[in-house]
$ cat upload_27.txt   # compact mmCIF, C-alpha atoms
# COMPACT_ATOMS: atom_id res chain seq x y z
CA MET H 1 -38.15 -7.08 28.97
CA SER H 2 -37.07 -5.11 32.01
CA THR H 3 -38.07 -1.50 32.42
CA THR H 4 -37.07 1.11 34.92
CA THR H 5 -39.76 1.99 37.42
CA PRO H 6 -39.61 4.20 40.50
CA GLU H 7 -40.02 1.05 42.65
CA ASN H 8 -36.98 -0.57 41.03
CA LYS H 9 -34.88 2.50 41.69
CA GLN H 10 -36.03 2.88 45.30
CA ASN H 11 -35.74 -0.82 46.20
CA SER H 12 -32.22 -1.24 44.86
CA SER H 13 -29.85 -0.57 47.74
CA ALA H 14 -26.91 -0.90 45.34
CA THR H 15 -28.31 2.01 43.35
CA LYS H 16 -28.73 4.24 46.39
CA ASN H 17 -25.64 3.31 48.37
CA SER H 18 -22.91 2.41 45.88
CA PRO H 19 -21.35 5.11 43.70
CA ASP H 20 -19.52 2.36 41.79
CA LYS H 21 -22.76 0.98 40.34
CA THR H 22 -24.61 1.85 37.14
CA VAL H 23 -28.31 1.12 36.58
CA LYS H 24 -29.33 -0.52 33.31
CA ASN H 25 -33.06 -1.11 32.99
CA GLY H 26 -33.49 -0.72 36.71
CA VAL H 27 -30.75 -3.20 37.65
CA ALA H 28 -27.49 -2.00 39.21
CA VAL H 29 -24.29 -3.06 37.45
CA PRO H 30 -20.70 -1.95 38.02
CA ASN H 31 -19.85 1.54 36.82
CA ASP H 32 -16.57 1.11 34.92
CA SER H 33 -15.59 4.76 35.14
CA GLY H 34 -15.74 4.83 38.96
CA ASP H 35 -17.69 8.12 38.88
CA ALA H 36 -20.58 8.65 41.27
CA GLY H 37 -23.97 8.48 39.61
CA LYS H 38 -25.91 6.08 37.50
CA THR H 39 -26.51 5.39 33.84
CA ILE H 40 -29.78 3.95 32.61
CA ILE H 41 -29.91 2.32 29.19
CA GLU H 42 -33.47 1.47 28.23
CA GLY H 43 -34.41 -1.59 26.20
CA ASN H 44 -35.67 0.52 23.28
CA VAL H 45 -32.20 2.09 22.98
CA VAL H 46 -30.61 -1.37 22.77
CA ALA H 47 -33.23 -2.33 20.15
CA LYS H 48 -32.35 0.75 18.06
CA VAL H 49 -28.64 -0.08 18.20
CA ILE H 50 -29.46 -3.61 17.04
CA GLY H 51 -31.79 -2.37 14.28
CA ILE H 52 -29.19 0.04 12.91
CA ALA H 53 -26.46 -2.63 13.00
CA ALA H 54 -28.67 -5.17 11.20
CA ARG H 55 -29.75 -2.71 8.48
CA ASP H 56 -26.10 -1.92 7.71
CA VAL H 57 -25.36 -5.55 6.76
CA SER H 58 -25.04 -6.22 3.05
CA GLY H 59 -27.90 -8.42 1.83
CA VAL H 60 -30.48 -7.21 4.36
CA TYR H 61 -33.38 -5.66 2.46
CA ALA H 62 -35.63 -4.86 5.42
CA LEU H 63 -36.45 -5.72 9.01
CA GLY H 64 -39.84 -6.91 10.22
CA GLY H 65 -42.64 -9.12 8.95
CA GLY H 66 -45.18 -8.22 6.28
CA ALA H 67 -47.54 -6.16 8.46
CA ALA H 68 -44.68 -4.37 10.22
CA ARG H 69 -43.08 -3.52 6.87
CA ALA H 70 -46.40 -2.16 5.53
CA ILE H 71 -46.75 0.11 8.54
CA GLY H 72 -43.05 0.95 8.25
CA ALA H 73 -43.56 2.03 4.63
CA ILE H 74 -46.19 4.50 5.78
CA ARG H 75 -43.87 5.78 8.52
CA ASP H 76 -41.04 6.14 6.00
CA ALA H 77 -43.29 8.10 3.65
CA VAL H 78 -43.89 10.70 6.35
CA GLY H 79 -40.24 10.69 7.45
CA ASN H 80 -40.68 8.78 10.71
CA THR H 81 -38.63 5.58 10.34
CA ASP H 82 -38.92 3.05 13.17
CA LEU H 83 -35.40 1.72 13.72
CA THR H 84 -36.68 -0.94 16.14
CA GLN H 85 -39.00 -2.54 13.57
CA GLY H 86 -38.38 -6.29 13.45
CA VAL H 87 -36.29 -6.24 16.65
CA SER H 88 -37.26 -7.54 20.06
CA VAL H 89 -34.85 -7.56 23.01
CA GLU H 90 -34.62 -8.91 26.52
CA VAL H 91 -32.21 -6.86 28.61
CA GLY H 92 -30.89 -8.31 31.83
CA GLU H 93 -28.39 -7.14 34.41
CA LYS H 94 -25.35 -7.75 32.24
CA GLN H 95 -26.70 -9.54 29.19
CA VAL H 96 -28.91 -9.04 26.16
CA ALA H 97 -30.86 -11.52 24.04
CA ALA H 98 -32.33 -10.39 20.72
CA ASP H 99 -34.82 -11.71 18.18
CA LEU H 100 -34.74 -10.23 14.67
CA THR H 101 -37.06 -10.69 11.70
CA ILE H 102 -35.41 -9.87 8.37
CA VAL H 103 -35.98 -9.90 4.63
CA VAL H 104 -32.92 -10.83 2.55
CA GLU H 105 -32.13 -9.57 -0.94
CA TYR H 106 -32.10 -12.21 -3.67
CA PRO H 107 -29.65 -13.91 -4.55
CA GLN H 108 -27.70 -13.39 -1.31
CA PRO H 109 -26.86 -16.59 0.60
CA LEU H 110 -29.38 -16.64 3.46
CA LYS H 111 -27.22 -18.33 6.08
CA GLN H 112 -24.30 -15.98 5.36
CA VAL H 113 -26.50 -12.90 5.70
CA ALA H 114 -27.90 -14.24 9.00
CA ASP H 115 -24.37 -14.93 10.26
CA ASP H 116 -23.25 -11.42 9.23
CA VAL H 117 -26.26 -9.85 10.98
CA ARG H 118 -25.54 -11.86 14.12
CA ALA H 119 -21.87 -10.75 14.13
CA ALA H 120 -22.87 -7.09 13.56
CA VAL H 121 -25.36 -7.22 16.44
CA TYR H 122 -22.83 -8.78 18.82
CA LYS H 123 -20.24 -6.14 17.94
CA ALA H 124 -22.61 -3.16 18.13
CA VAL H 125 -24.17 -4.13 21.46
CA GLU H 126 -20.92 -5.07 23.13
CA ASP H 127 -19.05 -1.99 21.79
CA LEU H 128 -21.78 0.67 22.09
CA VAL H 129 -23.94 -0.57 24.96
CA GLY H 130 -21.37 -2.50 26.96
CA LEU H 131 -23.53 -5.55 27.65
CA GLU H 132 -22.77 -9.16 26.76
CA VAL H 133 -24.93 -10.64 24.00
CA VAL H 134 -26.02 -14.17 24.90
CA GLU H 135 -28.05 -14.96 21.78
CA VAL H 136 -29.30 -13.45 18.56
CA ASN H 137 -32.17 -15.38 16.97
CA ILE H 138 -32.85 -14.49 13.35
CA SER H 139 -36.00 -15.31 11.43
CA ILE H 140 -35.83 -14.81 7.66
CA THR H 141 -39.44 -14.30 6.61
CA ASP H 142 -39.00 -13.37 2.96
CA ILE H 143 -36.57 -12.68 0.16
CA HIS H 144 -36.73 -9.52 -1.91
CA ILE H 145 -36.49 -9.98 -5.67
CA PRO H 146 -35.37 -6.76 -7.40
CA SER H 147 -37.51 -7.55 -10.45
CA ASP H 148 -40.59 -7.15 -8.21
CA ASP H 149 -39.69 -3.47 -7.75
CA LYS H 150 -39.11 -3.05 -11.48
CA ASP H 151 -42.51 -4.61 -12.28
CA LYS H 152 -44.22 -2.24 -9.81
CA GLU H 153 -42.41 0.77 -11.28
CA ASP H 154 -43.31 -0.29 -14.83
CA SER H 155 -47.00 -0.69 -13.95
CA ARG H 156 -47.02 2.74 -12.25
CA SER H 157 -45.27 4.24 -15.25
CA ASP H 158 -47.82 2.66 -17.63
CA GLU H 159 -50.71 3.99 -15.53
CA ASN H 160 -49.23 7.50 -15.48
CA SER H 161 -48.48 7.56 -19.22
CA GLY H 162 -52.02 6.34 -19.97
CA GLN H 163 -53.47 9.16 -17.90
CA GLU H 164 -51.26 11.70 -19.68
CA SER H 165 -52.39 10.41 -23.09
CA ALA H 166 -56.03 10.73 -22.07
CA ARG H 167 -55.42 14.29 -20.93
CA ARG H 168 -53.74 15.23 -24.21
CA GLU H 169 -56.51 13.72 -26.33
CA ASP H 170 -59.17 15.73 -24.55
CA ASN H 171 -58.90 19.13 -26.29
CA SER H 172 -61.93 20.53 -24.49
CA GLY H 173 -59.83 21.60 -21.52
CA ARG H 174 -61.41 19.08 -19.24
CA VAL H 175 -59.16 16.66 -17.41
CA GLN H 176 -60.48 13.11 -17.43

$ encode --input "upload_27.txt" --output "structure tokens"
Amino acid sequence: MSTTTPENKQNSSATKNSPDKTVKNGVAVPNDSGDAGKTIIEGNVVAKVIGIAARDVSGVYALGGGAARAIGAIRDAVGNTDLTQGVSVEVGEKQVAADLTIVVEYPQPLKQVADDVRAAVYKAVEDLVGLEVVEVNISITDIHIPSDDKDKEDSRSDENSGQESARREDNSGRVQ
């Protein structure tokens, strides 16, 4: 993944001498507007655009593998969602390649969801970022079964109702 460094900026004569160039991740590319100046679009911004586009596809339950989703659940609980979770990008001069890890909702057709995610990523990157997408690799690591959530909720509900019963039975004012 390319990143912008002071050396990249200083060593690029196109950046210093050509007002018709834009810098993306430290690489000069044509500035479509013709205005003097440069625009830098970092790789993490491209990853966020891809993450948002993928999450909006019907049938996608989550992005990221098991460990990333566990950490993501903690982030979500404190209100700090990582929109780049499950997304890795390589940003070049004019092109982007992306790797995504997703969890699909059961019983959605896996290949169709992957194709829809791929199309959404192509559209979002090309429309919002202005770079050509050369490939989008998708790894489906799991399927989400809605009954799993229901079972977890039921077990939590049973635990809570059992605790409430114990509290009511204890008339001494002590909470067990």

$ atom_distance --input "upload_27.txt" --atom1 "atom CA of Glu126 of chain H" --atom2 "atom CA of Val60 of chain H"
21.2 Å

$ atom_distance --input "upload_27.txt" --atom1 "atom CA of Gly51 of chain H" --atom2 "atom CA of Val87 of chain H"
6.4 Å

$ closest_residue --input "upload_27.txt" --among "H:Lys150, H:Lys38, H:His144, H:Arg75" --to "Val104 of chain H" --atoms "all atoms listed in the file"
H:His144

$ residues_around --input "upload_27.txt" --residues "Lys48 of chain H" --least-positions-apart "5" --cutoff "12 Å" --atoms "all atoms listed in the file" --output "mmCIF file with C-alpha atoms, keeping the file's coordinate frame"
data_model
loop_
_atom_site.group_PDB
_atom_site.id
_atom_site.type_symbol
_atom_site.label_atom_id
_atom_site.label_comp_id
_atom_site.auth_asym_id
_atom_site.auth_seq_id
_atom_site.Cartn_x
_atom_site.Cartn_y
_atom_site.Cartn_z
ATOM 1 C CA ILE H 41 -29.910 2.320 29.190
ATOM 2 C CA GLU H 42 -33.470 1.470 28.230
ATOM 3 C CA GLY H 43 -34.410 -1.590 26.200
ATOM 4 C CA ALA H 53 -26.460 -2.630 13.000
ATOM 5 C CA ALA H 54 -28.670 -5.170 11.200
ATOM 6 C CA ARG H 55 -29.750 -2.710 8.480
ATOM 7 C CA LEU H 63 -36.450 -5.720 9.010
ATOM 8 C CA THR H 81 -38.630 5.580 10.340
ATOM 9 C CA ASP H 82 -38.920 3.050 13.170
ATOM 10 C CA LEU H 83 -35.400 1.720 13.720
ATOM 11 C CA THR H 84 -36.680 -0.940 16.140
ATOM 12 C CA GLN H 85 -39.000 -2.540 13.570
ATOM 13 C CA GLY H 86 -38.380 -6.290 13.450
ATOM 14 C CA VAL H 87 -36.290 -6.240 16.650
ATOM 15 C CA SER H 88 -37.260 -7.540 20.060
ATOM 16 C CA VAL H 89 -34.850 -7.560 23.010
ATOM 17 C CA ALA H 98 -32.330 -10.390 20.720
ATOM 18 C CA LEU H 100 -34.740 -10.230 14.670
ATOM 19 C CA VAL H 121 -25.360 -7.220 16.440
ATOM 20 C CA ALA H 124 -22.610 -3.160 18.130
ATOM 21 C CA VAL H 125 -24.170 -4.130 21.460
ATOM 22 C CA LEU H 128 -21.780 0.670 22.090
ATOM 23 C CA VAL H 129 -23.940 -0.570 24.960
#

$ atom_distance --input "upload_27.txt" --atom1 "atom CA of Tyr106 of chain H" --atom2 "atom CA of Gly59 of chain H"
7.9 Å

$ axis_aligned_box --input "upload_27.txt" --around "segment 102-120 of chain H" --padding-each-side "5 Å" --output "JSON"
{"center_x": -28.9, "center_y": -12.7, "center_z": 4.8, "size_x": 24.1, "size_y": 21.2, "size_z": 28.7}
